[in-house]
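Scroll down for the structure; my scribbles are underneath it.
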Amino acid sequence: MSDPRLPDLHLSGVVLPAGEHRDLWVRDGRITFEPVPGAETVGAGGWLLPGLVDAHCHVGIGRGGVFVEDLAGLREQALAERAAGVLALRDCGSPVDTRALDDEPDLPRIVRAGRHIARTRRYLPGLGVEREPGDLVAEVRVQARRGDGWVKLVGDWIDRGVGDLAPEWPADVLAAAMAAAHEEGARVTAHTFGTDALPDLIRAGIDCIEHGTGLTEDLLAEMAARGTAVVPTLVNVENFPGFAEAGEKRFPTYASTMRRLYAGAGAVVRAAYEAGVPVFAGTDAGGGIEHGRIAEEVWALCQAGIPAEAALAGASWAAREWLGLRGIEEGAPADVVVYDADPRADLGTLARPVLTVLRGRVV
C-alpha cells in the first residue's frame, strides 16, 4: 500500500544525464517509470537533474567561525543549500552534532566525516580534535565510527617554526591511519593547500584531497591511477589573497606561498581533469562562506577548464554515485531538481531551480 504521508507525483521532462525525455512517477517517496494512476502532475517539461551535491561543507559553523548548535540555526543552513538545489551534503568536519537534522524530512541528506583531526595548535582553534602522531590511528577509528563513512584529516597547515605551510603527519603514521579507517569501513580525506604533505597522503592510500592547490602533474597521475578524488573548493580558494594579506606581517613566506597557490589553482583543476582524476564540486560553506553557493562552484570549475557537463556531473550524478547515493532510476529515493533550460548548455541555469522534490515531497 502507498504511504498516506507521501503524495503520488508525476513529472516529465528531459532526464539527465541520459538526455532522454521521459515520464516518471513518485510512489512512497521513490521513483518509478511505471504509471501511477491518480498521481498529481507537478512538473511537465523542463530538465530533470538528480539532486545536487555540495561535496565539501561544514554544517554547524556560522559566520566568523561561531558554532551553530540550535536546531533553528542548523535548519537555516540546510535550507539555504536546499534552495540552491542541493539535496545531499558531504560535511567535511564539524564540531557540532547535527544528527537531529536527520529527522527532518524536508532537509538535505548529510554524509558526515566526524570532526577534523589535526596536530596540536596546527589548525583553527576549537574546530577539530587535536592529537599527536602516536594517537592518530586511535582517533581515526573514533571519528570513523562517529561519521557516515568518512574521516577528515588536516594534512597541512602553517607551522609557526617554519613560517609556512608544512605537513602535519609522518608517512608511517598516515599509512597506519588509512588502514585503520578502511578497516572501519570509512574513507579518508584531507585538507591540503600546499604540496609537501601530498606525496605521503596519496601513497598512504587516501581516498580524496580537499582543496589540493599544491597538486603537481606527477601527483595527479598517481591519484588517477589510484582513483583518488579531489574537491577543489574554488569558491574558497578565492579567499587565498586575503589569507596571504592577513598573515604577511608575521609569516611573509606563507603569504607568498598562498599567492602562488592562488595564481595556479585553475591550472591545477584543469590538469586534474585532464589526468583522469575524479573532480567533485564543493564550496567549503560554513564559517566565512555562505551556504547555497554550489552553482558558483560549478561555474568556477568550468571556467578553470573542465567541460560544462563534467563540472555539472561533479555536482550531481557523478557525485551522488561517489557518495553511494542513487540518481534518477527505478526504485531510487525521489531527489530531483527541475530546471526550465538545459543546465549543460547554460550553467547559469543551476542558480534558478523551478521545482525541487526531496525524499518524495515537493519542497
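Chain labels A, B, ... are given in the sequence in which chains occur in the C-alpha cells; within each chain residues are numbered consecutively from 1, and ligands are likewise numbered from 1 in the order shown.
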
Which of range 102-292 of chain A fall in strand (DSSP E), as a ChimeraX atom specification: /A:109-112,116-118,129-130,150-154,156-159,164-167,187-192,208-211,229-231

Export, as a short mmCIF file (atom, residue, chain, number, x, y, z; two decimals), in the first residue's frame, the selected residues with C-alpha atoms.
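What landed in out_20.cif:
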data_model
loop_
_atom_site.label_atom_id
_atom_site.label_comp_id
_atom_site.auth_asym_id
_atom_site.auth_seq_id
_atom_site.Cartn_x
_atom_site.Cartn_y
_atom_site.Cartn_z
CA ARG A 109 20.75 14.28 3.46
CA ILE A 110 24.06 14.75 5.27
CA VAL A 111 27.05 12.43 4.87
CA ARG A 112 29.38 13.26 7.76
CA HIS A 116 38.69 17.34 11.76
CA ILE A 117 41.77 15.63 13.18
CA ALA A 118 44.76 17.96 13.45
CA VAL A 129 40.28 17.38 17.75
CA GLU A 130 43.99 17.88 18.35
CA TRP A 150 34.32 9.44 6.04
CA VAL A 151 37.19 10.70 8.18
CA LYS A 152 38.77 14.15 7.74
CA LEU A 153 42.46 14.85 8.43
CA VAL A 154 44.23 18.19 8.36
CA ASP A 156 48.96 20.66 6.23
CA TRP A 157 48.71 24.00 8.00
CA ILE A 158 51.01 26.83 8.85
CA ASP A 159 53.94 25.73 11.01
CA ASP A 164 54.98 28.40 6.01
CA LEU A 165 52.63 25.54 5.25
CA ALA A 166 54.06 22.20 6.38
CA PRO A 167 52.88 18.58 6.69
CA ARG A 187 37.14 6.60 3.51
CA VAL A 188 39.64 9.31 4.36
CA THR A 189 40.02 12.81 3.02
CA ALA A 190 42.45 15.57 3.94
CA HIS A 191 42.69 19.32 3.89
CA THR A 192 45.79 20.42 1.98
CA CYS A 208 40.23 12.22 -1.52
CA ILE A 209 42.09 15.50 -1.33
CA GLU A 210 40.30 18.71 -0.34
CA HIS A 211 41.41 21.98 -1.99
CA ALA A 229 39.42 12.17 -5.97
CA VAL A 230 39.84 15.90 -5.49
CA VAL A 231 37.34 18.54 -4.34
#

Two-atom distance - CA of Gly19 in chain A, CA of Leu49 in chain A (Å):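 Between CA of Gly19 in chain A and CA of Leu49 in chain A the gap works out to 9.9 Å.
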
Surrounding residues of range 61-69 of chain A excluding itself and chain neighbours under 4 positions, 12 Å, only C-alpha atoms, as a PyMOL selection string: chain A and resi 57+73-78+91-101+115+124-128+284-291

Spatial neighbours of Thr349 in chain A, 7 Å, only C-alpha atoms, chain gap at least 4 places, as a PyMOL selection string: chain A and resi 339+341+343

Within 12 Å of Pro37 in chain A using only C-alpha atoms, minus same-chain residues under 3 positions, as JSON, numbers by chain: {"A": [2, 7, 8, 9, 10, 25, 26, 27, 34, 40, 41]}

Can you write out the residues you just picked, keeping all heavy atoms, as a compact mmCIF listing (two decimals), in the first residue's frame?
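Output file part_13.txt is given in full below:
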# COMPACT_ATOMS: atom_id res chain seq x y z
N SER A 2 0.32 2.35 -0.50
CA SER A 2 1.04 3.61 -0.51
C SER A 2 1.13 4.19 0.89
O SER A 2 0.25 3.96 1.73
CB SER A 2 0.35 4.62 -1.42
OG SER A 2 0.32 4.14 -2.74
N PRO A 7 2.72 11.94 -1.07
CA PRO A 7 1.83 12.01 -2.23
C PRO A 7 2.39 11.22 -3.41
O PRO A 7 3.60 11.04 -3.54
CB PRO A 7 1.79 13.51 -2.54
CG PRO A 7 3.14 14.00 -2.09
CD PRO A 7 3.47 13.18 -0.87
N ASP A 8 1.49 10.76 -4.26
CA ASP A 8 1.90 10.19 -5.54
C ASP A 8 2.07 11.35 -6.53
O ASP A 8 1.19 12.18 -6.69
CB ASP A 8 0.84 9.22 -6.07
CG ASP A 8 0.71 7.98 -5.19
OD1 ASP A 8 1.68 7.66 -4.47
OD2 ASP A 8 -0.36 7.35 -5.22
N LEU A 9 3.23 11.40 -7.17
CA LEU A 9 3.57 12.52 -8.04
C LEU A 9 3.90 12.04 -9.45
O LEU A 9 4.30 10.89 -9.64
CB LEU A 9 4.78 13.28 -7.49
CG LEU A 9 4.68 13.79 -6.05
CD1 LEU A 9 6.00 14.43 -5.64
CD2 LEU A 9 3.53 14.76 -5.88
N HIS A 10 3.76 12.95 -10.40
CA HIS A 10 4.13 12.69 -11.78
C HIS A 10 4.94 13.86 -12.30
O HIS A 10 4.59 15.03 -12.09
CB HIS A 10 2.87 12.50 -12.63
CG HIS A 10 3.14 12.50 -14.10
ND1 HIS A 10 2.61 13.45 -14.96
CD2 HIS A 10 3.91 11.68 -14.88
CE1 HIS A 10 3.03 13.21 -16.19
NE2 HIS A 10 3.82 12.16 -16.18
N TRP A 25 7.24 8.76 -12.20
CA TRP A 25 6.29 8.91 -11.11
C TRP A 25 7.02 8.71 -9.78
O TRP A 25 8.10 8.12 -9.74
CB TRP A 25 5.17 7.87 -11.25
CG TRP A 25 4.21 8.18 -12.36
CD1 TRP A 25 3.01 8.81 -12.27
CD2 TRP A 25 4.39 7.88 -13.76
NE1 TRP A 25 2.41 8.92 -13.51
CE2 TRP A 25 3.25 8.35 -14.45
CE3 TRP A 25 5.41 7.25 -14.50
CZ2 TRP A 25 3.09 8.23 -15.81
CZ3 TRP A 25 5.25 7.13 -15.86
CH2 TRP A 25 4.10 7.61 -16.51
N VAL A 26 6.41 9.23 -8.74
CA VAL A 26 6.94 9.05 -7.39
C VAL A 26 5.85 8.38 -6.55
O VAL A 26 4.72 8.89 -6.45
CB VAL A 26 7.34 10.40 -6.76
CG1 VAL A 26 7.83 10.19 -5.33
CG2 VAL A 26 8.40 11.09 -7.61
N ARG A 27 6.19 7.23 -6.01
CA ARG A 27 5.25 6.49 -5.17
C ARG A 27 5.99 6.04 -3.92
O ARG A 27 7.08 5.47 -4.01
CB ARG A 27 4.68 5.28 -5.93
CG ARG A 27 3.57 4.53 -5.19
CD ARG A 27 3.06 3.39 -6.04
NE ARG A 27 1.95 2.68 -5.41
CZ ARG A 27 0.68 3.02 -5.52
NH1 ARG A 27 0.34 4.06 -6.27
NH2 ARG A 27 -0.26 2.32 -4.90
N GLU A 34 6.86 3.23 -13.99
CA GLU A 34 5.55 2.63 -14.23
C GLU A 34 4.47 3.64 -13.83
O GLU A 34 4.54 4.22 -12.74
CB GLU A 34 5.39 1.35 -13.40
CG GLU A 34 6.35 0.24 -13.79
CD GLU A 34 6.09 -0.28 -15.20
OE1 GLU A 34 4.90 -0.30 -15.60
OE2 GLU A 34 7.05 -0.64 -15.88
N GLU A 40 -0.46 13.21 -8.92
CA GLU A 40 -0.55 14.64 -9.22
C GLU A 40 0.63 15.05 -10.11
O GLU A 40 1.78 14.80 -9.77
CB GLU A 40 -0.51 15.45 -7.93
CG GLU A 40 -0.52 16.96 -8.16
CD GLU A 40 -0.29 17.75 -6.89
OE1 GLU A 40 -0.09 17.13 -5.83
OE2 GLU A 40 -0.29 19.00 -6.98
N THR A 41 0.33 15.67 -11.22
CA THR A 41 1.40 16.17 -12.10
C THR A 41 1.93 17.47 -11.52
O THR A 41 1.21 18.47 -11.44
CB THR A 41 0.89 16.39 -13.53
OG1 THR A 41 0.46 15.13 -14.08
CG2 THR A 41 2.00 16.96 -14.41

Compile the contact shell of Ala181 in chain A as a CSV table (one decimal) with N, CA and C atoms, in the first residue's frame: residues with an atom at most 12 Å away, counting only C-alpha atoms, same-chain residues fewer than 2 positions apart removed.
chain,number,residue,atom,x,y,z
A,113,ALA,N,31.7,13.4,8.1
A,113,ALA,CA,33.1,13.0,8.3
A,113,ALA,C,33.6,13.1,9.8
A,136,LEU,N,47.1,9.2,16.5
A,136,LEU,CA,46.3,9.4,15.3
A,136,LEU,C,45.4,8.2,14.9
A,137,VAL,N,46.0,7.0,14.9
A,137,VAL,CA,45.3,5.8,14.5
A,137,VAL,C,44.0,5.6,15.4
A,138,ALA,N,44.2,5.8,16.7
A,138,ALA,CA,43.0,5.6,17.6
A,138,ALA,C,42.0,6.6,17.3
A,139,GLU,N,42.4,7.8,17.1
A,139,GLU,CA,41.4,8.9,16.8
A,139,GLU,C,40.7,8.7,15.5
A,140,VAL,N,41.4,8.2,14.5
A,140,VAL,CA,40.8,7.9,13.2
A,140,VAL,C,39.6,6.9,13.4
A,141,ARG,N,39.9,5.9,14.2
A,141,ARG,CA,38.8,4.9,14.5
A,141,ARG,C,37.6,5.5,15.2
A,142,VAL,N,37.9,6.4,16.1
A,142,VAL,CA,36.8,7.1,16.8
A,142,VAL,C,36.0,7.9,15.8
A,143,GLN,N,36.6,8.7,15.0
A,143,GLN,CA,35.9,9.6,14.1
A,143,GLN,C,35.2,8.7,13.0
A,144,ALA,N,35.8,7.6,12.6
A,144,ALA,CA,35.2,6.7,11.6
A,144,ALA,C,33.8,6.2,12.1
A,145,ARG,N,33.8,5.9,13.4
A,145,ARG,CA,32.5,5.4,14.0
A,145,ARG,C,31.5,6.5,14.2
A,146,ARG,N,32.0,7.8,14.3
A,146,ARG,CA,31.1,8.9,14.5
A,146,ARG,C,30.5,9.4,13.2
A,147,GLY,N,31.2,9.2,12.1
A,147,GLY,CA,30.8,9.7,10.8
A,147,GLY,C,29.9,8.8,10.0
A,148,ASP,N,29.7,9.1,8.8
A,148,ASP,CA,28.9,8.3,7.9
A,148,ASP,C,29.7,7.8,6.7
A,149,GLY,N,30.9,7.2,7.1
A,149,GLY,CA,31.7,6.6,6.1
A,149,GLY,C,32.9,7.5,5.7
A,150,TRP,N,33.2,8.6,6.4
A,150,TRP,CA,34.3,9.4,6.0
A,150,TRP,C,35.0,9.9,7.3
A,151,VAL,N,36.3,10.1,7.1
A,151,VAL,CA,37.2,10.7,8.2
A,151,VAL,C,37.9,11.9,7.5
A,152,LYS,N,38.1,13.0,8.3
A,152,LYS,CA,38.8,14.2,7.7
A,152,LYS,C,40.0,14.5,8.5
A,153,LEU,N,41.2,14.5,7.8
A,153,LEU,CA,42.5,14.9,8.4
A,153,LEU,C,42.8,16.3,8.0
A,174,LEU,N,50.5,7.9,8.8
A,174,LEU,CA,49.5,8.1,7.8
A,174,LEU,C,49.0,6.7,7.2
A,175,ALA,N,50.0,5.9,6.9
A,175,ALA,CA,49.7,4.6,6.3
A,175,ALA,C,48.9,3.8,7.3
A,176,ALA,N,49.3,3.8,8.6
A,176,ALA,CA,48.5,3.1,9.6
A,176,ALA,C,47.1,3.6,9.8
A,177,ALA,N,47.0,5.0,9.7
A,177,ALA,CA,45.7,5.6,9.9
A,177,ALA,C,44.8,5.3,8.7
A,178,MET,N,45.3,5.3,7.5
A,178,MET,CA,44.4,4.9,6.4
A,178,MET,C,43.9,3.5,6.5
A,179,ALA,N,44.8,2.6,6.9
A,179,ALA,CA,44.5,1.2,7.0
A,179,ALA,C,43.4,1.0,8.1
A,183,GLU,N,39.6,-0.3,7.6
A,183,GLU,CA,39.1,-1.5,8.3
A,183,GLU,C,37.8,-1.1,9.0
A,184,GLU,N,37.6,0.1,9.3
A,184,GLU,CA,36.3,0.6,9.9
A,184,GLU,C,35.2,0.8,8.9
A,185,GLY,N,35.5,0.7,7.6
A,185,GLY,CA,34.6,0.9,6.5
A,185,GLY,C,34.4,2.3,6.2
A,186,ALA,N,35.4,3.2,6.5
A,186,ALA,CA,35.4,4.6,6.2
A,186,ALA,C,36.4,5.0,5.2
A,187,ARG,N,36.1,6.0,4.4
A,187,ARG,CA,37.1,6.6,3.5
A,187,ARG,C,37.7,7.8,4.2
A,188,VAL,N,38.9,8.2,3.7
A,188,VAL,CA,39.6,9.3,4.4
A,188,VAL,C,39.9,10.4,3.4
A,189,THR,N,39.7,11.7,3.8
A,189,THR,CA,40.0,12.8,3.0
A,189,THR,C,40.9,13.7,3.9
A,204,ALA,N,49.9,6.8,1.0
A,204,ALA,CA,49.3,6.1,2.2
A,204,ALA,C,47.9,5.5,1.8
A,205,GLY,N,47.3,5.9,0.7
A,205,GLY,CA,46.1,5.4,0.3
A,205,GLY,C,44.9,6.3,0.6
A,206,ILE,N,45.1,7.6,0.7
A,206,ILE,CA,43.9,8.5,1.0
A,206,ILE,C,43.0,8.4,-0.2
A,207,ASP,N,41.7,8.6,0.1
A,207,ASP,CA,40.6,8.5,-0.9
A,207,ASP,C,40.3,9.8,-1.6

Contacts of Gly227 in chain A within 8 Å, only C-alpha atoms, excl. fewer than 4 positions in-chain, as a list in words: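 Skipping anything fewer than 4 positions along the chain leaves Asp207, Met223, Val277 and Pro278 of chain A.
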
For the residues in that selection, give me all heavy atoms as an mmCIF file, in the first residue's frame.
data_model
loop_
_atom_site.group_PDB
_atom_site.id
_atom_site.type_symbol
_atom_site.label_atom_id
_atom_site.label_comp_id
_atom_site.auth_asym_id
_atom_site.auth_seq_id
_atom_site.Cartn_x
_atom_site.Cartn_y
_atom_site.Cartn_z
ATOM 1 N N ASP A 207 41.696 8.636 0.129
ATOM 2 C CA ASP A 207 40.631 8.497 -0.865
ATOM 3 C C ASP A 207 40.276 9.799 -1.566
ATOM 4 O O ASP A 207 39.702 9.778 -2.660
ATOM 5 C CB ASP A 207 39.380 7.934 -0.181
ATOM 6 C CG ASP A 207 39.653 6.587 0.467
ATOM 7 O OD1 ASP A 207 39.711 5.587 -0.266
ATOM 8 O OD2 ASP A 207 39.841 6.551 1.700
ATOM 9 N N MET A 223 47.318 9.933 -8.430
ATOM 10 C CA MET A 223 45.930 9.943 -7.966
ATOM 11 C C MET A 223 45.012 9.278 -8.978
ATOM 12 O O MET A 223 44.118 8.496 -8.610
ATOM 13 C CB MET A 223 45.473 11.374 -7.711
ATOM 14 C CG MET A 223 46.089 12.013 -6.480
ATOM 15 S SD MET A 223 45.650 13.761 -6.299
ATOM 16 C CE MET A 223 43.880 13.679 -6.016
ATOM 17 N N VAL A 277 41.607 12.377 -12.960
ATOM 18 C CA VAL A 277 41.276 12.382 -11.539
ATOM 19 C C VAL A 277 39.801 12.761 -11.375
ATOM 20 O O VAL A 277 39.347 13.737 -11.976
ATOM 21 C CB VAL A 277 42.159 13.400 -10.784
ATOM 22 C CG1 VAL A 277 41.716 13.542 -9.334
ATOM 23 C CG2 VAL A 277 43.620 12.983 -10.852
ATOM 24 N N PRO A 278 39.042 12.019 -10.586
ATOM 25 C CA PRO A 278 37.651 12.417 -10.340
ATOM 26 C C PRO A 278 37.601 13.762 -9.614
ATOM 27 O O PRO A 278 38.234 13.938 -8.571
ATOM 28 C CB PRO A 278 37.107 11.291 -9.448
ATOM 29 C CG PRO A 278 38.026 10.128 -9.675
ATOM 30 C CD PRO A 278 39.377 10.720 -9.940
#

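For the atom pair formed by CA of Trp47 in chain A and CA of Ala281 in chain A, the distance is 20.1 Å, given to one decimal.
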
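Considering the residues A:Val162, A:Ala39, A:Leu89, A:Ala255 and counting only C-alpha atoms, Leu52 in chain A has its shortest atom-to-atom contact with A:Leu89.
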